>>> print(open('final.txt').read())   # compact mmCIF, C-alpha atoms and all ligand atoms
# COMPACT_ATOMS: atom_id res chain seq x y z
CA MET Z 1 -58.42 -18.44 -35.93
CA PHE Z 2 -60.16 -15.04 -36.09
CA GLU Z 3 -61.12 -13.82 -39.50
CA ARG Z 4 -62.48 -10.31 -39.55
CA LYS Z 5 -65.63 -9.89 -41.63
CA PRO Z 6 -65.66 -6.83 -43.88
CA ARG Z 7 -67.79 -3.87 -42.80
CA THR Z 8 -71.41 -4.31 -43.87
CA GLU Z 9 -73.40 -1.62 -45.68
CA TYR Z 10 -75.56 -1.34 -42.57
CA GLU Z 11 -72.58 -0.54 -40.30
CA SER Z 12 -71.15 1.86 -42.91
CA ALA Z 13 -74.48 3.71 -43.00
CA LEU Z 14 -74.51 3.99 -39.19
CA LEU Z 15 -70.95 5.36 -39.19
CA ASP Z 16 -71.92 7.92 -41.84
CA LYS Z 17 -74.95 9.04 -39.83
CA GLY Z 18 -72.81 9.30 -36.70
CA LYS Z 19 -70.40 11.58 -38.56
CA ARG Z 20 -73.24 13.69 -39.90
CA TYR Z 21 -75.07 14.20 -36.58
CA MET Z 22 -72.30 14.12 -33.95
CA PRO Z 23 -69.57 16.80 -34.02
CA SER Z 24 -66.70 14.41 -33.39
CA GLY Z 25 -68.39 11.40 -34.99
CA PRO Z 26 -68.61 7.98 -33.35
CA ARG Z 27 -65.66 7.16 -31.10
CA ASN Z 28 -63.03 5.00 -32.79
CA PRO Z 29 -61.21 2.37 -30.69
CA THR Z 30 -58.00 3.11 -32.63
CA ARG Z 31 -56.94 6.16 -34.62
CA ALA Z 32 -57.45 4.57 -38.05
CA PRO Z 33 -60.73 5.36 -39.87
CA GLN Z 34 -60.94 1.81 -41.26
CA GLN Z 35 -61.10 0.44 -37.69
CA ALA Z 36 -64.18 2.43 -36.65
CA ILE Z 37 -67.05 0.20 -35.55
CA ILE Z 38 -70.55 0.55 -34.20
CA VAL Z 39 -71.24 -1.76 -31.27
CA LYS Z 40 -74.14 -4.18 -31.51
CA ARG Z 41 -73.86 -5.68 -28.04
CA ALA Z 42 -71.38 -6.80 -25.41
CA HIS Z 43 -71.38 -9.81 -23.15
CA GLY Z 44 -68.79 -11.08 -20.66
CA ALA Z 45 -65.33 -10.35 -22.07
CA ARG Z 46 -66.65 -9.97 -25.64
CA ILE Z 47 -67.86 -7.04 -27.70
CA GLU Z 48 -69.58 -7.39 -31.06
CA ASP Z 49 -69.79 -4.92 -33.93
CA CYS Z 50 -72.65 -4.41 -36.38
CA SER Z 51 -70.83 -6.42 -39.06
CA GLY Z 52 -70.88 -9.59 -36.95
CA ASN Z 53 -67.31 -9.49 -35.58
CA GLU Z 54 -66.81 -10.51 -31.98
CA TYR Z 55 -63.66 -9.22 -30.27
CA VAL Z 56 -62.04 -10.03 -26.94
CA ASP Z 57 -62.55 -6.74 -25.13
CA TYR Z 58 -59.85 -5.03 -23.05
CA LEU Z 59 -61.40 -1.60 -23.49
CA LEU Z 60 -64.15 -2.61 -21.06
CA GLY Z 61 -66.04 0.63 -21.60
CA SER Z 62 -62.87 2.48 -20.50
CA GLY Z 63 -62.78 0.51 -17.28
CA PRO Z 64 -66.18 0.19 -15.63
CA MET Z 65 -66.84 -3.37 -16.80
CA LEU Z 66 -64.48 -4.94 -14.25
CA LEU Z 67 -66.90 -7.88 -13.94
CA GLY Z 68 -67.36 -8.08 -17.72
CA HIS Z 69 -70.33 -6.88 -19.75
CA ALA Z 70 -73.91 -7.68 -18.71
CA HIS Z 71 -72.86 -9.54 -15.58
CA PRO Z 72 -75.89 -11.68 -14.61
CA ALA Z 73 -75.95 -10.52 -10.96
CA ILE Z 74 -75.94 -6.85 -11.99
CA VAL Z 75 -78.48 -7.34 -14.78
CA ALA Z 76 -80.82 -9.13 -12.35
CA ALA Z 77 -80.43 -6.50 -9.62
CA VAL Z 78 -81.02 -3.61 -12.04
CA ARG Z 79 -83.95 -5.30 -13.75
CA GLU Z 80 -85.67 -5.76 -10.39
CA ALA Z 81 -84.89 -2.23 -9.25
CA LEU Z 82 -86.20 -0.60 -12.43
CA ALA Z 83 -89.77 -1.57 -11.55
CA GLY Z 84 -89.42 0.56 -8.40
CA GLY Z 85 -88.56 3.76 -10.26
CA SER Z 86 -85.22 5.09 -11.42
CA ALA Z 87 -84.78 8.60 -9.94
CA TYR Z 88 -86.20 10.01 -6.70
CA LEU Z 89 -83.81 12.87 -5.92
CA LEU Z 90 -84.44 11.68 -2.35
CA ALA Z 91 -82.19 8.93 -1.02
CA GLY Z 92 -83.54 5.42 -1.38
CA GLU Z 93 -82.74 2.32 0.67
CA ALA Z 94 -80.00 1.18 -1.71
CA CYS Z 95 -78.29 4.57 -1.56
CA ILE Z 96 -78.07 4.36 2.24
CA ASP Z 97 -76.76 0.77 2.13
CA LEU Z 98 -74.21 1.81 -0.45
CA ALA Z 99 -73.03 4.75 1.66
CA GLU Z 100 -72.47 2.42 4.61
CA GLN Z 101 -70.61 -0.18 2.54
CA MET Z 102 -68.49 2.44 0.82
CA VAL Z 103 -67.36 3.87 4.17
CA GLU Z 104 -66.47 0.36 5.31
CA ALA Z 105 -64.55 -0.42 2.11
CA VAL Z 106 -62.56 2.75 1.39
CA PRO Z 107 -59.84 3.39 4.00
CA CYS Z 108 -60.05 7.22 3.92
CA ALA Z 109 -63.85 7.38 3.95
CA ASP Z 110 -65.68 8.67 7.03
CA LYS Z 111 -68.48 10.06 4.88
CA VAL Z 112 -69.52 9.76 1.26
CA TYR Z 113 -71.53 11.55 -1.39
CA PHE Z 114 -72.66 10.17 -4.75
CA GLN Z 115 -72.65 11.72 -8.21
CA SER Z 116 -73.06 10.29 -11.71
CA THR Z 117 -69.53 10.49 -13.18
CA GLY Z 118 -65.89 10.46 -12.20
CA THR Z 119 -65.60 14.00 -13.55
CA GLU Z 120 -68.13 15.22 -10.99
CA ALA Z 121 -66.39 13.26 -8.23
CA THR Z 122 -63.00 14.97 -8.78
CA PHE Z 123 -64.68 18.35 -9.32
CA PHE Z 124 -66.57 18.12 -6.01
CA ALA Z 125 -63.55 16.73 -4.14
CA LEU Z 126 -61.63 19.85 -5.17
CA ARG Z 127 -64.53 22.13 -4.22
CA LEU Z 128 -64.69 20.52 -0.76
CA ALA Z 129 -60.94 20.97 -0.34
CA ARG Z 130 -61.19 24.64 -1.33
CA ALA Z 131 -63.94 25.22 1.22
CA TYR Z 132 -61.95 23.44 3.93
CA ARG Z 133 -58.68 25.26 3.20
CA LYS Z 134 -60.22 28.59 2.20
CA ARG Z 135 -57.70 28.70 -0.66
CA ASP Z 136 -58.24 28.36 -4.41
CA LYS Z 137 -55.27 26.76 -6.15
CA ILE Z 138 -54.91 23.07 -6.80
CA LEU Z 139 -51.84 21.11 -7.80
CA LYS Z 140 -52.05 18.21 -10.22
CA PHE Z 141 -49.44 16.02 -11.86
CA GLU Z 142 -48.42 16.33 -15.48
CA GLY Z 143 -49.98 13.56 -17.55
CA GLY Z 144 -52.63 12.75 -14.94
CA TYR Z 145 -56.27 12.68 -15.99
CA HIS Z 146 -59.12 13.64 -13.68
CA GLY Z 147 -62.04 14.06 -16.06
CA MET Z 148 -63.46 16.77 -18.27
CA HIS Z 149 -64.04 19.77 -16.00
CA ASP Z 150 -62.02 22.94 -16.49
CA TYR Z 151 -59.66 22.45 -13.51
CA ALA Z 152 -58.86 18.89 -14.61
CA LEU Z 153 -58.43 19.17 -18.34
CA VAL Z 154 -54.98 20.71 -18.17
CA SER Z 155 -51.55 19.10 -18.64
CA THR Z 156 -53.12 15.66 -19.06
CA GLN Z 157 -51.86 12.75 -21.14
CA TRP Z 158 -52.92 14.67 -24.28
CA THR Z 159 -50.39 17.45 -23.81
CA LEU Z 160 -48.22 17.83 -26.90
CA ALA Z 161 -45.88 20.53 -25.67
CA PRO Z 162 -45.52 20.69 -21.87
CA ALA Z 163 -44.84 24.01 -20.20
CA GLU Z 164 -42.20 24.65 -17.58
CA TYR Z 165 -43.31 23.46 -14.11
CA PRO Z 166 -45.58 24.54 -12.48
CA HIS Z 167 -47.40 26.10 -15.44
CA PRO Z 168 -50.43 24.27 -16.85
CA VAL Z 169 -51.30 23.69 -20.50
CA ALA Z 170 -54.98 23.64 -21.47
CA ASN Z 171 -55.95 20.47 -23.33
CA SER Z 172 -59.13 21.93 -24.75
CA ALA Z 173 -60.32 25.18 -26.19
CA GLY Z 174 -62.92 26.85 -23.99
CA ILE Z 175 -61.07 26.60 -20.68
CA PRO Z 176 -60.97 30.11 -19.13
CA ALA Z 177 -57.54 31.65 -18.64
CA SER Z 178 -58.62 32.52 -15.10
CA VAL Z 179 -59.00 28.80 -14.34
CA LEU Z 180 -55.52 28.10 -15.66
CA GLY Z 181 -54.29 30.59 -13.09
CA GLU Z 182 -55.64 28.34 -10.33
CA VAL Z 183 -53.82 25.14 -11.36
CA LEU Z 184 -50.20 24.20 -10.69
CA VAL Z 185 -48.47 21.25 -12.30
CA ALA Z 186 -45.71 19.01 -10.96
CA PRO Z 187 -43.90 15.90 -12.25
CA PHE Z 188 -45.26 12.53 -11.04
CA ASN Z 189 -42.75 10.36 -9.18
CA ASP Z 190 -40.46 13.35 -8.53
CA ILE Z 191 -40.93 14.32 -4.90
CA GLU Z 192 -38.08 16.87 -4.84
CA THR Z 193 -39.55 19.05 -7.60
CA THR Z 194 -43.07 18.54 -6.26
CA ALA Z 195 -42.04 19.52 -2.71
CA ARG Z 196 -40.29 22.64 -4.01
CA ILE Z 197 -43.44 23.79 -5.86
CA VAL Z 198 -45.71 22.90 -2.95
CA GLU Z 199 -43.57 24.69 -0.35
CA GLU Z 200 -43.37 27.77 -2.57
CA HIS Z 201 -47.18 27.90 -2.99
CA ALA Z 202 -48.24 26.32 0.30
CA ASP Z 203 -50.24 29.33 1.39
CA GLU Z 204 -52.28 29.38 -1.84
CA LEU Z 205 -52.96 25.67 -2.22
CA ALA Z 206 -56.34 24.10 -1.52
CA ALA Z 207 -55.50 20.56 -2.58
CA ILE Z 208 -53.14 18.19 -4.34
CA ILE Z 209 -54.83 15.68 -6.60
CA VAL Z 210 -53.09 12.59 -7.90
CA GLU Z 211 -53.87 9.33 -9.63
CA PRO Z 212 -52.04 6.96 -7.28
CA MET Z 213 -51.13 4.94 -10.36
CA GLN Z 214 -50.87 7.68 -12.98
CA ARG Z 215 -52.49 6.19 -16.09
CA THR Z 216 -50.32 3.03 -16.30
CA ILE Z 217 -47.32 4.40 -14.40
CA PRO Z 218 -47.12 2.95 -10.89
CA PRO Z 219 -45.78 5.19 -8.13
CA ARG Z 220 -42.09 4.79 -7.35
CA ASP Z 221 -41.24 3.41 -3.90
CA GLY Z 222 -41.92 6.11 -1.35
CA PHE Z 223 -43.44 8.69 -3.72
CA LEU Z 224 -47.00 8.49 -2.35
CA ARG Z 225 -45.71 8.14 1.21
CA ASP Z 226 -43.57 11.28 0.85
CA LEU Z 227 -46.43 13.16 -0.78
CA ARG Z 228 -48.61 12.12 2.16
CA GLU Z 229 -46.06 13.40 4.68
CA LEU Z 230 -45.64 16.70 2.83
CA THR Z 231 -49.38 17.37 2.58
CA ARG Z 232 -50.01 16.34 6.19
CA ARG Z 233 -47.27 18.65 7.44
CA LEU Z 234 -48.72 21.60 5.50
CA ASP Z 235 -52.38 20.64 6.15
CA ILE Z 236 -53.12 20.56 2.42
CA PRO Z 237 -55.79 17.95 1.61
CA LEU Z 238 -54.43 15.10 -0.48
CA VAL Z 239 -56.99 13.83 -2.99
CA PHE Z 240 -56.57 10.40 -4.57
CA ASP Z 241 -58.34 10.08 -7.89
CA GLU Z 242 -59.25 6.41 -7.69
CA VAL Z 243 -61.71 6.48 -10.58
CA VAL Z 244 -59.54 3.82 -12.28
CA THR Z 245 -57.80 2.16 -9.33
CA GLY Z 246 -60.75 2.02 -6.89
CA PHE Z 247 -62.03 -1.56 -6.29
CA ARG Z 248 -59.67 -2.60 -9.11
CA LEU Z 249 -56.20 -2.80 -7.57
CA ALA Z 250 -57.74 -4.10 -4.35
CA TRP Z 251 -61.05 -4.04 -2.49
CA GLY Z 252 -59.81 -0.89 -0.74
CA GLY Z 253 -58.35 0.50 -4.00
CA ALA Z 254 -54.89 1.99 -4.40
CA GLN Z 255 -54.95 3.27 -0.81
CA GLU Z 256 -54.99 -0.32 0.37
CA TYR Z 257 -52.72 -1.62 -2.41
CA TYR Z 258 -49.99 0.99 -1.96
CA GLY Z 259 -50.65 1.52 1.76
CA VAL Z 260 -51.12 5.31 1.70
CA VAL Z 261 -54.38 6.88 2.88
CA PRO Z 262 -55.40 10.28 1.43
CA ASP Z 263 -57.79 12.86 2.91
CA LEU Z 264 -60.32 12.70 0.08
CA CYS Z 265 -60.98 10.21 -2.68
CA ALA Z 266 -62.88 10.25 -5.96
CA LEU Z 267 -64.23 7.00 -7.35
CA GLY Z 268 -66.35 5.96 -10.34
CA LYS Z 269 -66.13 3.42 -13.16
CA SER Z 270 -65.57 0.02 -11.52
CA VAL Z 271 -67.79 0.78 -8.52
CA SER Z 272 -71.04 -0.03 -10.26
CA GLY Z 273 -70.48 -2.44 -13.13
CA GLY Z 274 -71.28 -0.01 -15.92
CA HIS Z 275 -73.98 2.18 -14.40
CA PRO Z 276 -73.27 5.90 -14.09
CA ILE Z 277 -71.71 6.72 -10.76
CA GLY Z 278 -69.22 9.02 -9.13
CA VAL Z 279 -68.28 8.93 -5.48
CA VAL Z 280 -66.53 11.51 -3.36
CA CYS Z 281 -65.58 10.36 0.09
CA GLY Z 282 -63.06 11.18 2.78
CA ARG Z 283 -62.31 12.68 6.14
CA GLY Z 284 -65.37 13.65 8.14
CA ASP Z 285 -64.23 17.21 8.90
CA ILE Z 286 -63.66 17.97 5.20
CA MET Z 287 -66.83 16.19 4.04
CA ASP Z 288 -68.75 18.15 6.69
CA CYS Z 289 -68.03 21.33 4.73
CA ALA Z 290 -71.14 20.15 2.82
CA GLY Z 291 -73.07 19.50 6.05
CA PRO Z 292 -76.01 21.40 7.56
CA ALA Z 293 -73.91 23.38 10.07
CA ALA Z 294 -71.69 24.83 7.33
CA LEU Z 295 -74.72 25.49 5.14
CA MET Z 296 -76.49 27.29 7.99
CA ARG Z 297 -73.44 29.54 8.41
CA GLY Z 298 -73.68 30.35 4.71
CA GLU Z 299 -70.29 28.70 4.12
CA GLY Z 300 -71.45 25.28 3.01
CA VAL Z 301 -70.44 23.41 -0.13
CA LEU Z 302 -73.25 22.46 -2.51
CA LEU Z 303 -72.89 18.94 -3.89
CA SER Z 304 -76.23 18.22 -5.48
CA GLY Z 305 -77.12 16.43 -8.74
CA THR Z 306 -80.42 15.13 -10.15
CA TYR Z 307 -79.13 11.57 -10.51
CA SER Z 308 -76.87 11.59 -7.46
CA GLY Z 309 -77.47 8.40 -5.49
CA ASN Z 310 -80.12 7.23 -7.97
CA PRO Z 311 -81.52 3.81 -7.07
CA ILE Z 312 -80.41 2.06 -10.26
CA SER Z 313 -76.72 2.95 -9.95
CA ALA Z 314 -76.88 2.27 -6.21
CA VAL Z 315 -78.36 -1.20 -6.69
CA ALA Z 316 -75.84 -1.94 -9.45
CA ALA Z 317 -72.99 -0.84 -7.18
CA LEU Z 318 -74.22 -3.04 -4.32
CA ALA Z 319 -74.44 -6.03 -6.68
CA CYS Z 320 -70.98 -5.26 -8.08
CA MET Z 321 -69.45 -4.97 -4.62
CA ALA Z 322 -71.07 -8.26 -3.54
CA GLU Z 323 -69.38 -9.99 -6.50
CA LEU Z 324 -66.02 -8.37 -5.80
CA ARG Z 325 -66.20 -9.44 -2.19
CA ARG Z 326 -66.29 -13.15 -3.12
CA PRO Z 327 -63.19 -15.01 -1.98
CA GLY Z 328 -60.47 -15.34 -4.60
CA VAL Z 329 -61.81 -12.71 -7.04
CA TYR Z 330 -58.79 -10.41 -6.83
CA GLU Z 331 -56.32 -13.33 -6.80
CA GLN Z 332 -57.80 -14.60 -10.07
CA LEU Z 333 -57.97 -11.11 -11.63
CA PHE Z 334 -54.31 -10.54 -10.80
CA ALA Z 335 -53.25 -14.00 -11.99
CA ARG Z 336 -54.92 -13.51 -15.39
CA GLY Z 337 -53.60 -9.98 -15.75
CA ARG Z 338 -50.09 -11.09 -14.77
CA ARG Z 339 -50.19 -13.90 -17.34
CA LEU Z 340 -51.22 -11.44 -20.05
CA MET Z 341 -48.48 -8.99 -19.03
CA ASP Z 342 -45.86 -11.75 -19.13
CA GLY Z 343 -47.13 -13.13 -22.46
CA LEU Z 344 -47.07 -9.69 -24.09
CA ALA Z 345 -43.59 -8.97 -22.73
CA ALA Z 346 -42.31 -12.28 -24.15
CA ALA Z 347 -43.95 -11.59 -27.53
CA ALA Z 348 -42.37 -8.13 -27.62
CA ARG Z 349 -38.93 -9.60 -26.83
CA GLU Z 350 -39.32 -12.13 -29.67
CA SER Z 351 -40.20 -9.33 -32.09
CA GLU Z 352 -37.10 -7.38 -30.99
CA ILE Z 353 -39.13 -4.16 -30.97
CA PRO Z 354 -38.11 -2.09 -27.93
CA ALA Z 355 -41.08 -2.16 -25.56
CA ILE Z 356 -41.91 -2.35 -21.88
CA ILE Z 357 -44.96 -3.35 -19.86
CA SER Z 358 -46.08 -0.73 -17.36
CA GLY Z 359 -48.93 -0.84 -14.87
CA GLU Z 360 -50.50 -3.34 -12.51
CA PRO Z 361 -52.14 -6.62 -13.60
CA PRO Z 362 -55.74 -5.29 -13.81
CA ALA Z 363 -54.71 -2.21 -15.89
CA PHE Z 364 -51.48 -1.86 -17.84
CA ASP Z 365 -50.11 -1.38 -21.32
CA LEU Z 366 -47.33 -2.44 -23.63
CA TRP Z 367 -45.45 0.75 -24.44
CA PHE Z 368 -43.11 1.03 -27.40
CA THR Z 369 -40.15 2.71 -25.80
CA ALA Z 370 -36.58 1.73 -25.02
CA GLY Z 371 -36.55 3.71 -21.77
CA ASP Z 372 -38.18 3.54 -18.39
CA LEU Z 373 -41.57 5.14 -17.64
CA ALA Z 374 -41.60 7.19 -14.46
CA ASN Z 375 -43.56 10.25 -15.52
CA PHE Z 376 -45.25 12.04 -18.41
CA ARG Z 377 -42.03 13.33 -20.01
CA ASP Z 378 -40.92 9.69 -20.40
CA MET Z 379 -44.26 9.03 -22.10
CA LEU Z 380 -43.40 11.62 -24.74
CA LYS Z 381 -40.57 9.29 -25.85
CA VAL Z 382 -43.02 6.48 -26.66
CA ASP Z 383 -43.37 5.63 -30.37
CA GLY Z 384 -46.96 6.84 -30.81
CA LYS Z 385 -47.25 5.60 -34.39
CA ARG Z 386 -46.33 2.06 -33.34
CA GLN Z 387 -48.67 2.32 -30.38
CA SER Z 388 -51.62 3.11 -32.69
CA ARG Z 389 -50.59 0.59 -35.33
CA PHE Z 390 -50.34 -2.18 -32.72
CA ALA Z 391 -53.94 -1.48 -31.63
CA GLU Z 392 -55.09 -1.64 -35.27
CA LEU Z 393 -53.27 -4.92 -35.91
CA LEU Z 394 -54.76 -6.38 -32.74
CA MET Z 395 -58.26 -5.42 -33.87
CA ASP Z 396 -57.74 -7.23 -37.15
CA ARG Z 397 -56.83 -10.24 -35.02
CA GLY Z 398 -59.93 -10.07 -32.79
CA VAL Z 399 -58.74 -8.01 -29.83
CA ILE Z 400 -59.86 -4.52 -28.77
CA LYS Z 401 -57.90 -2.46 -26.29
CA ALA Z 402 -57.94 1.15 -25.17
CA HIS Z 403 -55.34 3.32 -26.88
CA GLU Z 404 -53.35 3.54 -23.68
CA LYS Z 405 -54.42 0.53 -21.64
CA PHE Z 406 -55.38 -3.11 -21.39
CA PHE Z 407 -58.16 -3.38 -18.80
CA VAL Z 408 -58.51 -6.97 -17.56
CA SER Z 409 -61.85 -8.18 -16.15
CA THR Z 410 -62.78 -10.95 -13.75
CA VAL Z 411 -64.34 -12.86 -16.68
CA HIS Z 412 -61.41 -12.94 -19.11
CA SER Z 413 -60.71 -16.67 -19.27
CA ASP Z 414 -57.38 -18.42 -19.65
CA ALA Z 415 -58.45 -19.16 -23.22
CA ASP Z 416 -59.05 -15.42 -23.83
CA ILE Z 417 -55.58 -14.64 -22.50
CA ASP Z 418 -53.97 -17.32 -24.71
CA PHE Z 419 -55.90 -16.02 -27.73
CA THR Z 420 -54.73 -12.47 -26.97
CA ILE Z 421 -51.09 -13.43 -26.55
CA ALA Z 422 -51.19 -15.32 -29.88
CA ALA Z 423 -52.84 -12.31 -31.57
CA ALA Z 424 -50.24 -9.96 -30.07
CA ARG Z 425 -47.36 -12.20 -31.17
CA ASP Z 426 -48.68 -12.14 -34.74
CA ALA Z 427 -49.36 -8.38 -34.61
CA LEU Z 428 -45.84 -7.69 -33.30
CA ARG Z 429 -44.32 -9.85 -36.04
CA GLN Z 430 -46.20 -7.76 -38.59
CA LEU Z 431 -45.16 -4.54 -36.82
CA ALA Z 432 -41.50 -5.62 -36.95
CA MET Z 433 -41.82 -6.30 -40.68
CA GLU Z 434 -43.33 -2.87 -41.26
CA GLY Z 435 -40.26 -1.39 -39.53
C1 LIG D 501 -58.44 8.72 -13.32
C2 LIG D 501 -59.74 9.25 -13.89
N1 LIG D 501 -60.39 10.23 -13.24
C3 LIG D 501 -61.55 10.73 -13.68
C4 LIG D 501 -62.13 10.26 -14.84
C5 LIG D 501 -63.42 10.83 -15.33
O1 LIG D 501 -64.46 9.91 -15.16
P1 LIG D 501 -65.78 10.03 -16.07
O2 LIG D 501 -65.38 9.70 -17.47
O3 LIG D 501 -66.72 9.03 -15.45
O4 LIG D 501 -66.28 11.42 -15.92
C6 LIG D 501 -61.49 9.26 -15.56
C7 LIG D 501 -62.06 8.75 -16.82
O5 LIG D 501 -61.42 8.12 -17.64
C8 LIG D 501 -60.26 8.73 -15.09
O6 LIG D 501 -59.58 7.78 -15.75
>>> encode(input="final.txt", output="structure tokens", more="lines below")
Ligand SMILES: Cc1ncc(COP(=O)(O)O)c(C=O)c1O
Amino acid sequence: MFERKPRTEYESALLDKGKRYMPSGPRNPTRAPQQAIIVKRAHGARIEDCSGNEYVDYLLGSGPMLLGHAHPAIVAAVREALAGGSAYLLAGEACIDLAEQMVEAVPCADKVYFQSTGTEATFFALRLARAYRKRDKILKFEGGYHGMHDYALVSTQWTLAPAEYPHPVANSAGIPASVLGEVLVAPFNDIETTARIVEEHADELAAIIVEPMQRTIPPRDGFLRDLRELTRRLDIPLVFDEVVTGFRLAWGGAQEYYGVVPDLCALGKSVSGGHPIGVVCGRGDIMDCAGPAALMRGEGVLLSGTYSGNPISAVAALACMAELRRPGVYEQLFARGRRLMDGLAAAARESEIPAIISGEPPAFDLWFTAGDLANFRDMLKVDGKRQSRFAELLMDRGVIKAHEKFFVSTVHSDADIDFTIAAARDALRQLAMEG
């Protein structure tokens, strides 16, 4: 039985300092101030705070720790690599090996370029598409998240009041109005409305970017296939943002899992077991817009970054991929995730609180809603207060999750899953009592 220790003076002092020196303060795993923690360390499927509490972790650093924290193979590979220097700007051996393996693994990849974050990967994918198409506008889906750059941070999951399609809503101050003019927005899983917007703006569009599983909403049957056909017919590059789904839903990511191959793909997070990486890869003719011939013509795309392809992230990614390639890894990940999904669904039914499970076994959530979840407007019907309260109650019972996701790792054990289901059952009972 988990009994949460009260916050120590030491942890309180760290939280106070964080608030004093950082504009938004330390990140809180839930929305309640009493749940804020400072992390001491993390290992396997556990994360420990500075007051001595150890939680089963489904936040997983927002996804990258697919193999769990401090995986021994990654720690060993990085430790060895560090002695050889950590940034060359020039490509090292590991970077070249990684490029080759990435092209072999990702169905759409003829060529690949590395960055340090998923944000850079989507940003550069869109820049490549613009150069290829010689057009400026991009289309994204309402509620989809593609990182923090100006073209991405519109009409995401944080939108309180959506605009009429295809108009975007900025999710942050500081995004230029001129950028908003370059972004169109369509509803996920609604190919008719999407096709209408795309056809109307076909001559202005440089790219369509989509999370193949949008947050935890899987694509409806045929949605990605129809989007693929539409974009192919109009020669508009289709960009899959696989920063979450890449190497997680399958070795070949969502493109393999859902059987639809885009023109460009952005990856990050789970590629490198917790070391900063972004990857943009895709069709050779589009990737070659960043090649020497295009640069010589004065039309080339610049894709550089000081830490792009750095040897530490590259070595970590190679070690991570070697682990993921072991036989049975995905079967076990899916079995554990499926068991957790089923256990949470049963616990929700017992509590009689209207809720559904949405997502795929390695990344999903329990959503407090009576309806179906097909797109962002359905998400607006979710009981947000219950959603936050459930996360708080889980934390008091030794479980940490992201606000909008359970990420399952390859090292969550059956015992961890049982513990989590028991904690959720108790949390839901409490939630039902609170009304
Ligand atoms: C689908 C998706 N794309 C892009 C990003 C941005 O990645 P990063 O935080 O590494 O910049 C994220 C991060 O959560 C993401 O979930």
>>> closest_atom_pairs(input="final.txt", of="chain Z", to="ligand LIG 501 (chain D)", cutoff="6 Å", atoms="all atoms listed in the file", output="CSV")
residue,atom,partner,partner_atom,distance
Z:Thr117,CA,D:LIG501,O3,3.9
Z:Gly118,CA,D:LIG501,O1,3.3
Z:Thr119,CA,D:LIG501,O4,3.6
Z:Tyr145,CA,D:LIG501,C1,5.2
Z:His146,CA,D:LIG501,N1,3.7
Z:Gly147,CA,D:LIG501,C5,3.6
Z:Glu211,CA,D:LIG501,C1,5.9
Z:Asp241,CA,D:LIG501,C1,5.6
Z:Val243,CA,D:LIG501,C2,4.7
Z:Val244,CA,D:LIG501,C1,5.1
Z:Gly268,CA,D:LIG501,O3,6.0
>>> write_last_selection(input="final.txt", atoms="C-alpha atoms", output="mmCIF file, keeping the file's coordinate frame")
data_model
loop_
_atom_site.group_PDB
_atom_site.id
_atom_site.type_symbol
_atom_site.label_atom_id
_atom_site.label_comp_id
_atom_site.auth_asym_id
_atom_site.auth_seq_id
_atom_site.Cartn_x
_atom_site.Cartn_y
_atom_site.Cartn_z
ATOM 1 C CA THR Z 117 -69.530 10.490 -13.180
ATOM 2 C CA GLY Z 118 -65.890 10.460 -12.200
ATOM 3 C CA THR Z 119 -65.600 14.000 -13.550
ATOM 4 C CA TYR Z 145 -56.270 12.680 -15.990
ATOM 5 C CA HIS Z 146 -59.120 13.640 -13.680
ATOM 6 C CA GLY Z 147 -62.040 14.060 -16.060
ATOM 7 C CA GLU Z 211 -53.870 9.330 -9.630
ATOM 8 C CA ASP Z 241 -58.340 10.080 -7.890
ATOM 9 C CA VAL Z 243 -61.710 6.480 -10.580
ATOM 10 C CA VAL Z 244 -59.540 3.820 -12.280
ATOM 11 C CA GLY Z 268 -66.350 5.960 -10.340
#
>>> residues_around(input="final.txt", residues="Z:Leu318", least_positions_apart="3", cutoff="8 Å", atoms="only C-alpha atoms", output="VMD selection string")
chain Z and resid 94 97 to 98 272 314 to 315 321 to 322
>>> residues_around(input="final.txt", residues="Z:Phe124", least_positions_apart="6", cutoff="10 Å", atoms="all atoms listed in the file", output="number ranges by chain")
Z: 113, 115, 118, 130, 266, 278-281, 301-304
>>> residues_around(input="final.txt", residues="stretch 70-82 of chain Z", least_positions_apart="3", cutoff="12 Å", atoms="only C-alpha atoms", output="MDAnalysis selection string")
chainID Z and resid 41:47 60:61 64:67 85:87 92:94 271:275 310:324 409:411
>>> atom_distance(input="final.txt", atom1="atom CA of Z:Leu394", atom2="atom CA of Z:Pro29")
11.1 Å
>>> atom_distance(input="final.txt", atom1="atom CA of Z:Gly246", atom2="atom CA of Z:Arg225")
18.1 Å
>>> closest_residue(input="final.txt", among="Z:Asn375, Z:Ser413, Z:Ser308, Z:Ser358", to="Z:Leu90", atoms="only C-alpha atoms")
Z:Ser308
>>> residues_around(input="final.txt", residues="Z:Leu340", least_positions_apart="2", cutoff="10 Å", atoms="all atoms listed in the file", output="short mmCIF file (atom, residue, chain, number, x, y, z; two decimals) with C-alpha atoms, in the coordinates of the input")
data_model
loop_
_atom_site.label_atom_id
_atom_site.label_comp_id
_atom_site.auth_asym_id
_atom_site.auth_seq_id
_atom_site.Cartn_x
_atom_site.Cartn_y
_atom_site.Cartn_z
CA PHE Z 334 -54.31 -10.54 -10.80
CA ALA Z 335 -53.25 -14.00 -11.99
CA ARG Z 336 -54.92 -13.51 -15.39
CA GLY Z 337 -53.60 -9.98 -15.75
CA ARG Z 338 -50.09 -11.09 -14.77
CA ASP Z 342 -45.86 -11.75 -19.13
CA GLY Z 343 -47.13 -13.13 -22.46
CA LEU Z 344 -47.07 -9.69 -24.09
CA ALA Z 345 -43.59 -8.97 -22.73
CA ALA Z 346 -42.31 -12.28 -24.15
CA PRO Z 361 -52.14 -6.62 -13.60
CA PRO Z 362 -55.74 -5.29 -13.81
CA PHE Z 364 -51.48 -1.86 -17.84
CA PHE Z 406 -55.38 -3.11 -21.39
CA VAL Z 408 -58.51 -6.97 -17.56
CA ASP Z 414 -57.38 -18.42 -19.65
CA ASP Z 416 -59.05 -15.42 -23.83
CA ILE Z 417 -55.58 -14.64 -22.50
CA ASP Z 418 -53.97 -17.32 -24.71
CA THR Z 420 -54.73 -12.47 -26.97
CA ILE Z 421 -51.09 -13.43 -26.55
#
